[in-house]
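Chemist: Take a look at entry.txt, compact mmCIF, C-alpha atoms:
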# COMPACT_ATOMS: atom_id res chain seq x y z
CA VAL A 129 -124.71 27.53 -110.11
CA GLU A 130 -125.43 31.27 -109.97
CA ASP A 131 -129.21 31.16 -109.46
CA LYS A 132 -129.92 31.08 -105.71
CA VAL A 133 -133.15 29.12 -106.05
CA ALA A 134 -131.56 26.52 -108.29
CA LYS A 135 -128.51 26.26 -106.06
CA GLY A 136 -130.70 25.93 -102.99
CA THR A 137 -132.67 23.13 -104.60
CA LEU A 138 -129.48 21.28 -105.47
CA LEU A 139 -128.16 21.69 -101.92
CA VAL A 140 -131.37 20.27 -100.47
CA ARG A 141 -131.02 17.31 -102.80
CA LEU A 142 -127.41 16.94 -101.67
CA GLY A 143 -128.56 16.95 -98.05
CA GLU A 144 -131.06 14.19 -98.79
CA LEU A 145 -128.39 12.08 -100.44
CA ARG A 146 -126.04 12.57 -97.49
CA GLU A 147 -128.77 11.51 -95.08
CA LYS A 148 -129.31 8.35 -97.09
CA ALA A 149 -125.57 7.78 -96.91
CA GLN A 150 -125.84 7.95 -93.08
CA ASP A 151 -123.88 11.21 -92.85
CA PRO A 152 -126.30 13.52 -90.97
CA GLY A 153 -123.64 16.11 -90.09
CA ALA A 154 -122.75 16.71 -93.73
CA ALA A 155 -126.46 16.65 -94.60
CA GLY A 156 -127.05 19.39 -92.02
CA GLU A 157 -124.32 21.50 -93.59
CA ALA A 158 -125.94 21.18 -97.03
CA TYR A 159 -129.38 22.03 -95.65
CA ALA A 160 -127.99 25.01 -93.71
CA GLU A 161 -126.29 26.38 -96.80
CA ALA A 162 -129.52 25.94 -98.79
CA ALA A 163 -131.56 27.64 -96.06
CA THR A 164 -129.16 30.58 -95.97
CA LEU A 165 -129.74 31.10 -99.67
CA SER A 166 -133.50 30.60 -99.66
CA GLU A 167 -134.36 31.95 -96.18
CA ASN A 168 -136.78 29.06 -95.91
CA ALA A 169 -137.91 27.99 -92.44
CA LYS A 170 -138.63 24.39 -93.50
CA THR A 171 -135.11 24.01 -94.87
CA TRP A 172 -133.69 25.32 -91.58
CA GLU A 173 -135.84 22.71 -89.83
CA LEU A 174 -134.23 20.01 -92.01
CA ALA A 175 -130.82 21.35 -91.01
CA GLU A 176 -131.76 21.33 -87.33
CA LYS A 177 -132.97 17.72 -87.47
CA ALA A 178 -129.88 16.54 -89.32
CA PHE A 179 -127.51 18.32 -86.90
CA SER A 180 -129.45 16.90 -83.95
CA THR A 181 -129.13 13.39 -85.36
CA ALA A 182 -125.39 14.01 -85.62
CA GLU A 183 -125.45 15.40 -82.05
CA ARG A 184 -124.02 18.66 -83.29
CA TRP A 185 -126.10 20.52 -80.75
CA GLN A 186 -124.66 24.00 -81.25
CA ASP A 187 -125.24 23.86 -85.01
CA ALA A 188 -128.78 22.56 -84.40
CA ALA A 189 -129.44 25.43 -81.98
CA GLN A 190 -128.19 27.98 -84.49
CA ALA A 191 -130.49 26.49 -87.12
CA ILE A 192 -133.43 27.03 -84.75
CA ASP A 193 -132.26 30.59 -84.11
CA SER A 194 -132.44 31.19 -87.85
CA ARG A 195 -135.99 29.83 -87.88
CA ALA A 196 -136.85 32.20 -85.04
CA GLU A 197 -135.52 35.17 -86.99
CA LEU A 198 -137.74 34.22 -89.92
CA ALA A 199 -140.75 34.10 -87.57
CA ALA A 200 -140.45 37.82 -86.76
CA GLY A 201 -143.90 39.20 -86.09
CA ASP A 202 -145.12 36.04 -84.32
CA ALA A 203 -143.85 36.58 -80.78
CA LYS A 204 -145.21 33.34 -79.32
CA GLN A 205 -143.71 31.23 -82.10
CA GLN A 206 -140.39 32.98 -81.71
CA ALA A 207 -140.50 32.34 -77.97
CA VAL A 208 -141.13 28.63 -78.55
CA LEU A 209 -138.19 28.43 -80.95
CA PHE A 210 -135.77 30.33 -78.70
CA ALA A 211 -136.76 28.09 -75.78
CA LYS A 212 -136.02 25.02 -77.92
CA SER A 213 -132.72 26.55 -79.00
CA ALA A 214 -131.85 27.09 -75.34
CA GLY A 215 -132.26 23.39 -74.66
CA LEU A 216 -129.85 22.50 -77.44
CA PHE A 217 -127.28 25.09 -76.34
CA ALA A 218 -127.51 23.55 -72.87
CA LYS A 219 -126.81 20.12 -74.37
CA ALA A 220 -123.77 21.63 -76.06
CA GLY A 221 -122.54 22.87 -72.67
CA ASP A 222 -123.02 26.52 -73.65
CA ASP A 223 -124.98 27.70 -70.61
CA ALA A 224 -124.48 31.39 -71.36
CA SER A 225 -126.12 31.06 -74.78
CA ALA A 226 -128.84 28.85 -73.32
CA LEU A 227 -129.75 31.49 -70.74
CA ALA A 228 -129.61 34.26 -73.35
CA ARG A 229 -132.12 32.39 -75.52
CA LEU A 230 -134.39 31.77 -72.53
CA GLU A 231 -134.30 35.47 -71.71
CA GLN A 232 -135.19 36.28 -75.32
CA ALA A 233 -138.09 33.84 -75.11
CA SER A 234 -139.30 35.41 -71.88
CA GLU A 235 -139.14 38.91 -73.38
CA LEU A 236 -141.31 37.72 -76.26
CA ASP A 237 -143.78 35.72 -74.16
CA PRO A 238 -143.61 36.72 -70.47
CA ALA A 239 -146.56 34.45 -69.60
CA ASN A 240 -144.78 31.25 -70.67
CA ASP A 241 -144.65 29.08 -67.52
CA GLU A 242 -141.93 26.67 -68.64
CA VAL A 243 -139.54 29.39 -69.78
CA PHE A 244 -140.11 31.37 -66.59
CA ALA A 245 -139.44 28.32 -64.40
CA GLU A 246 -136.18 27.50 -66.18
CA ILE A 247 -134.85 31.07 -66.01
CA GLU A 248 -135.85 31.26 -62.35
CA ARG A 249 -133.98 28.01 -61.63
CA ARG A 250 -130.83 29.33 -63.29
CA TYR A 251 -130.99 32.70 -61.52
CA VAL A 252 -131.43 31.00 -58.14
CA GLU A 253 -128.49 28.67 -58.79
CA ASP A 254 -126.27 31.61 -59.77
CA ASP A 255 -127.45 33.92 -56.93
CA ARG A 256 -128.58 36.49 -59.49
CA HIS A 257 -131.01 38.09 -57.04
CA ASP A 258 -131.47 41.40 -58.85
CA ASP A 259 -132.25 39.64 -62.14
CA LEU A 260 -134.63 37.28 -60.35
CA ALA A 261 -136.53 40.14 -58.72
CA ASN A 262 -136.86 41.91 -62.08
CA LEU A 263 -138.01 38.66 -63.71
CA LEU A 264 -140.69 38.18 -61.05
CA LEU A 265 -141.95 41.74 -61.47
CA LYS A 266 -142.04 41.49 -65.25
CA ARG A 267 -143.84 38.18 -64.95
CA ALA A 268 -146.37 39.76 -62.58
CA ASP A 269 -147.13 42.49 -65.12
CA SER A 270 -148.08 39.85 -67.70
CA VAL A 271 -150.16 37.54 -65.48
CA GLY A 272 -153.92 37.84 -65.54
CA ASP A 273 -154.55 35.80 -62.38
CA LYS A 274 -154.71 38.13 -59.36
CA GLU A 275 -153.45 35.65 -56.75
CA LYS A 276 -150.47 34.66 -58.89
CA ARG A 277 -149.69 38.31 -59.64
CA VAL A 278 -149.75 39.22 -55.96
CA ALA A 279 -147.56 36.26 -54.98
CA LEU A 280 -144.97 37.16 -57.61
CA ARG A 281 -144.75 40.78 -56.44
CA VAL A 282 -144.54 39.84 -52.77
CA ARG A 283 -141.74 37.39 -53.54
CA ALA A 284 -139.89 40.02 -55.56
CA ALA A 285 -140.21 42.45 -52.64
CA GLU A 286 -138.85 39.86 -50.20
CA ILE A 287 -135.80 39.33 -52.44
CA GLN A 288 -135.28 43.09 -52.76
CA ARG A 289 -135.49 43.49 -48.99
CA ASP A 290 -133.62 40.38 -47.80
CA LYS A 291 -131.10 39.66 -50.58
CA LEU A 292 -130.49 43.09 -52.11
CA ASP A 293 -130.98 45.23 -48.99
CA ASN A 294 -133.07 47.61 -51.10
CA MET A 295 -136.14 48.42 -49.06
CA GLU A 296 -137.05 51.34 -51.30
CA ALA A 297 -137.45 48.99 -54.28
CA ALA A 298 -139.28 46.47 -52.08
CA ARG A 299 -141.66 49.19 -50.92
CA GLU A 300 -142.44 50.09 -54.53
CA SER A 301 -143.14 46.44 -55.38
CA LEU A 302 -145.43 46.06 -52.38
CA MET A 303 -147.39 49.18 -53.29
CA LYS A 304 -148.06 47.53 -56.66
CA VAL A 305 -149.42 44.55 -54.73
CA LEU A 306 -151.89 46.85 -53.00
CA ASP A 307 -153.12 48.04 -56.41
CA ASP A 308 -154.90 44.66 -56.50
CA GLY A 309 -156.40 45.20 -53.04
CA ASP A 310 -155.16 44.90 -49.47
CA ASP A 311 -152.93 41.87 -48.91
CA PHE A 312 -151.92 40.63 -45.47
CA GLY A 313 -148.34 39.72 -46.41
CA ALA A 314 -147.63 42.96 -48.24
CA LEU A 315 -149.18 45.14 -45.54
CA SER A 316 -147.24 43.29 -42.81
CA ILE A 317 -143.93 44.10 -44.49
CA LEU A 318 -144.96 47.71 -45.09
CA VAL A 319 -145.95 48.14 -41.43
CA ASP A 320 -142.54 46.87 -40.27
CA ASP A 321 -140.86 49.19 -42.76
CA ALA A 322 -142.86 52.24 -41.68
CA GLU A 323 -142.05 51.57 -38.01
CA SER A 324 -138.35 51.09 -38.76
CA ARG A 325 -138.37 54.51 -40.47
CA GLU A 326 -140.30 55.96 -37.51
CA GLU A 327 -143.18 56.87 -39.81
CA TYR A 328 -145.66 56.01 -37.09
CA GLN A 329 -148.71 57.67 -38.62
CA ASP A 330 -148.20 55.67 -41.81
CA ALA A 331 -147.71 52.52 -39.73
CA ALA A 332 -150.98 53.14 -37.89
CA SER A 333 -152.88 53.62 -41.15
CA LEU A 334 -151.37 50.43 -42.56
CA LEU A 335 -152.24 48.52 -39.39
CA ARG A 336 -155.87 49.63 -39.72
CA ARG A 337 -155.89 48.15 -43.24
CA LEU A 338 -154.07 45.05 -42.04
CA ALA A 339 -156.74 44.37 -39.43
CA GLY A 340 -159.33 44.42 -42.19
CA VAL A 341 -157.73 41.49 -44.02
CA ALA A 342 -156.63 39.42 -41.01
CA SER A 343 -157.86 35.88 -41.50
CA ASP A 344 -159.21 34.97 -38.06
CA THR A 345 -160.13 36.45 -34.69
CA PRO A 346 -156.79 35.88 -32.91
CA LYS A 347 -154.96 37.55 -35.79
CA LYS A 348 -157.42 40.47 -35.81
CA VAL A 349 -156.90 40.92 -32.07
CA GLU A 350 -153.12 40.84 -32.48
CA VAL A 351 -153.16 43.52 -35.19
CA ARG A 352 -155.55 45.82 -33.34
CA LEU A 353 -153.44 45.50 -30.19
CA ARG A 354 -150.37 46.49 -32.14
CA GLU A 355 -152.16 49.50 -33.60
CA ALA A 356 -153.49 50.57 -30.20
CA ARG A 357 -150.03 50.34 -28.62
CA LEU A 358 -148.51 52.35 -31.45
CA LEU A 359 -151.20 55.03 -31.11
CA SER A 360 -150.65 55.39 -27.40
CA GLU A 361 -146.87 54.91 -27.17
CA ARG A 362 -145.58 56.49 -30.39
CA LEU A 363 -148.24 59.00 -31.40
CA ASP A 364 -149.55 59.88 -27.94
CA ASP A 365 -153.07 59.60 -29.34
CA VAL A 366 -154.82 58.28 -26.26
CA ASP A 367 -158.35 58.76 -27.57
CA SER A 368 -157.71 56.70 -30.69
CA ALA A 369 -155.81 54.06 -28.72
CA VAL A 370 -158.74 53.66 -26.31
CA ALA A 371 -161.12 53.39 -29.26
CA ARG A 372 -159.04 50.55 -30.76
CA TYR A 373 -158.90 48.66 -27.48
CA GLU A 374 -162.66 49.13 -27.09
CA SER A 375 -163.21 47.78 -30.60
CA ILE A 376 -161.48 44.56 -29.52
CA LEU A 377 -163.87 44.26 -26.60
CA SER A 378 -167.00 45.12 -28.56
CA GLU A 379 -166.27 43.23 -31.77
CA LEU A 380 -163.82 40.42 -31.03
CA ASP A 381 -163.40 39.42 -27.37
CA ALA A 382 -165.50 41.02 -24.64
CA LYS A 383 -163.22 39.67 -21.88
CA HIS A 384 -159.86 40.44 -23.44
CA GLU A 385 -157.71 41.14 -20.38
CA GLU A 386 -154.92 43.12 -22.01
CA SER A 387 -157.41 45.51 -23.62
CA LEU A 388 -159.28 46.00 -20.34
CA ALA A 389 -156.02 46.73 -18.48
CA ALA A 390 -154.76 49.06 -21.21
CA ILE A 391 -158.02 51.03 -21.24
CA ALA A 392 -157.86 51.47 -17.47
CA GLU A 393 -154.28 52.73 -17.67
CA LEU A 394 -155.04 55.11 -20.56
CA GLU A 395 -158.12 56.49 -18.85
CA GLU A 396 -155.93 57.37 -15.89
CA ARG A 397 -153.57 59.19 -18.25
CA ARG A 398 -156.41 61.38 -19.47
CA ASP A 399 -157.81 61.80 -15.94
CA ASN A 400 -160.84 59.65 -16.54
CA PRO A 401 -160.30 56.62 -14.26
CA ARG A 402 -162.65 53.63 -14.54
Could you render the structure as C-alpha cells?

Modeler:
Amino acid sequence: VEDKVAKGTLLVRLGELREKAQDPGAAGEAYAEAATLSENAKTWELAEKAFSTAERWQDAAQAIDSRAELAAGDAKQQAVLFAKSAGLFAKAGDDASALARLEQASELDPANDEVFAEIERRYVEDDRHDDLANLLLKRADSVGDKEKRVALRVRAAEIQRDKLDNMEAARESLMKVLDDGDDFGALSILVDDAESREEYQDAASLLRRLAGVASDTPKKVEVRLREARLLSERLDDVDSAVARYESILSELDAKHEESLAAIAELEERRDNPR
C-alpha cells in the first residue's frame, strides 16, 4: 500500500488483531510502524501500552519519546512524557537513558518537584556534586517561594564549598541568597570566608548584618561580640569596638561581664580608663 494514511490505518487494524490474539509485542510493532507513518500521538500511545503489556520497556519508552517530540511547544506536557519515559528506561535497566530523560524533563519544567527529587537522588548516589549544585541553583531560579529558593541556594553553596572546594562559586551562590534579603546561614558562611581571606572590613560589615537577623538574644550577643573583637583585634578600630560592646550592654544585657571587661581594657588602650 503506497498511501501513508491508508497503510497507517491498516497497520492500526493489524495491531488490534494482534492484541486480540494475545500478542502485545507484535501489536506494539504494528502500532509503532503506523505512528511513524502518521505522526499521530494517539497511535504512539497505543504502541506504548502494547509494548508495556509485553514488558518491552525500552520500546515503550521510545514510543513515549516519540509522543514527547510531537508535543513540541507544550513544555509541561513534554516534561511529563520524558519523566514517564525515564521510568520505563529504568525498568529496562538503562539508567543512563533514564537520567537523560529526567534531565530533559527538568530543563523543560524546572519547577517539577517529582522530577527534581529523582534527579537529586541519582546525583547524590553517583557523587555528582557539581551537577547537583547546578541543579539546585537552576531549581532556585524557577521557584517562586522565597524560603525554598533561599534553602536551595544555601545548599548549593555548601556543596560548592565542602564537596567541590570552590569557595568562589559558593560565594556567588550566597550573594544570590542575599538578593532575597539577609539570611543568617548565608551571612555566617560569608563571614567565615571573609575572615579566612583576611578581608576583615568585609567581615565586620557582614557581622553587622548578621546581628540584625540573629534569632534570639544569646545569638545577637554572640555575633556582636565577634564583631567587636574583630574591630579591636584585626582592624584596630577601638572606637567602633567600644561602641559595639556598649550596644550589648544598652540593648541586650546590661550586666554582660565580657563586654564590661573588654570596654575597660579598650579604654585603657585609648588612655581613657574607667

Chemist: Between atom CA of A:Val366 and atom CA of A:Glu393, measure the distance and give it in Å to one decimal.

Modeler: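 Separation of atom CA of A:Val366 and atom CA of A:Glu393: 10.2 Å.
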
Chemist: Using only C-alpha atoms, which of the listed residues (A:Asp202, A:Arg184, A:Arg195, A:Ala239) sits closest to A:Lys219?

Modeler: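 Ranking A:Asp202, A:Arg184, A:Arg195, A:Ala239 by distance to A:Lys219, first place goes to A:Arg184.
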
Chemist: In Å to one decimal, how far is atom CA of A:Leu363 from atom CA of A:Ser375?

Modeler: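 For atom CA of A:Ser375 relative to atom CA of A:Leu363, the distance reads 18.7 Å.
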
Chemist: I need the residue nearest A:Leu388 from this list: A:Ala371, A:Ala158, A:Ala182, A:Ala284. Use all atoms listed in the file for the distance.

Modeler: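 With all atoms listed in the file as the atom set, the closest residue is A:Ala371.
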
Chemist: Quick check, in Å to one decimal: how far apart do atom CA of A:Val282 and atom CA of A:Glu361 lie?

Modeler: 29.8 Å

Chemist: Which residue out of A:Asp365, A:Asn240, A:Gln288, A:Leu145 has the minimum interatomic distance to A:Val271 when only C-alpha atoms are used?

Modeler: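 That would be A:Asn240, the residue with the smallest distance to A:Val271.
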
Chemist: Tell me which of A:Glu246, A:Glu253, A:Glu396, A:Ser180 sits closest to A:Ala220, counting only C-alpha atoms.

Modeler: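 Going through A:Glu246, A:Glu253, A:Glu396, A:Ser180 one by one, the smallest distance to A:Ala220 is for A:Ser180.
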
Chemist: Counting all atoms listed in the file, which residue out of A:Asp308, A:Lys383, A:Asn294, A:Asp254 sits closest to A:Asp273?

Modeler: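 Closest to A:Asp273 of all the choices is A:Asp308.
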
Chemist: May I have the residues within 7 Å of stretch 131-142 of chain A as a compact mmCIF listing (two decimals) with C-alpha atoms, keeping the file's coordinate frame, using all atoms listed in the file and disregarding those fewer than 4 positions away in the same chain?

Modeler:
# COMPACT_ATOMS: atom_id res chain seq x y z
CA ARG A 146 -126.04 12.57 -97.49
CA ALA A 158 -125.94 21.18 -97.03
CA TYR A 159 -129.38 22.03 -95.65
CA ALA A 162 -129.52 25.94 -98.79
CA LEU A 165 -129.74 31.10 -99.67
CA SER A 166 -133.50 30.60 -99.66

Chemist: Which is closer to A:Arg362 than all the others in A:Ala331, A:Val252, A:Ile287, A:Ala155, using only C-alpha atoms?

Modeler: A:Ala331
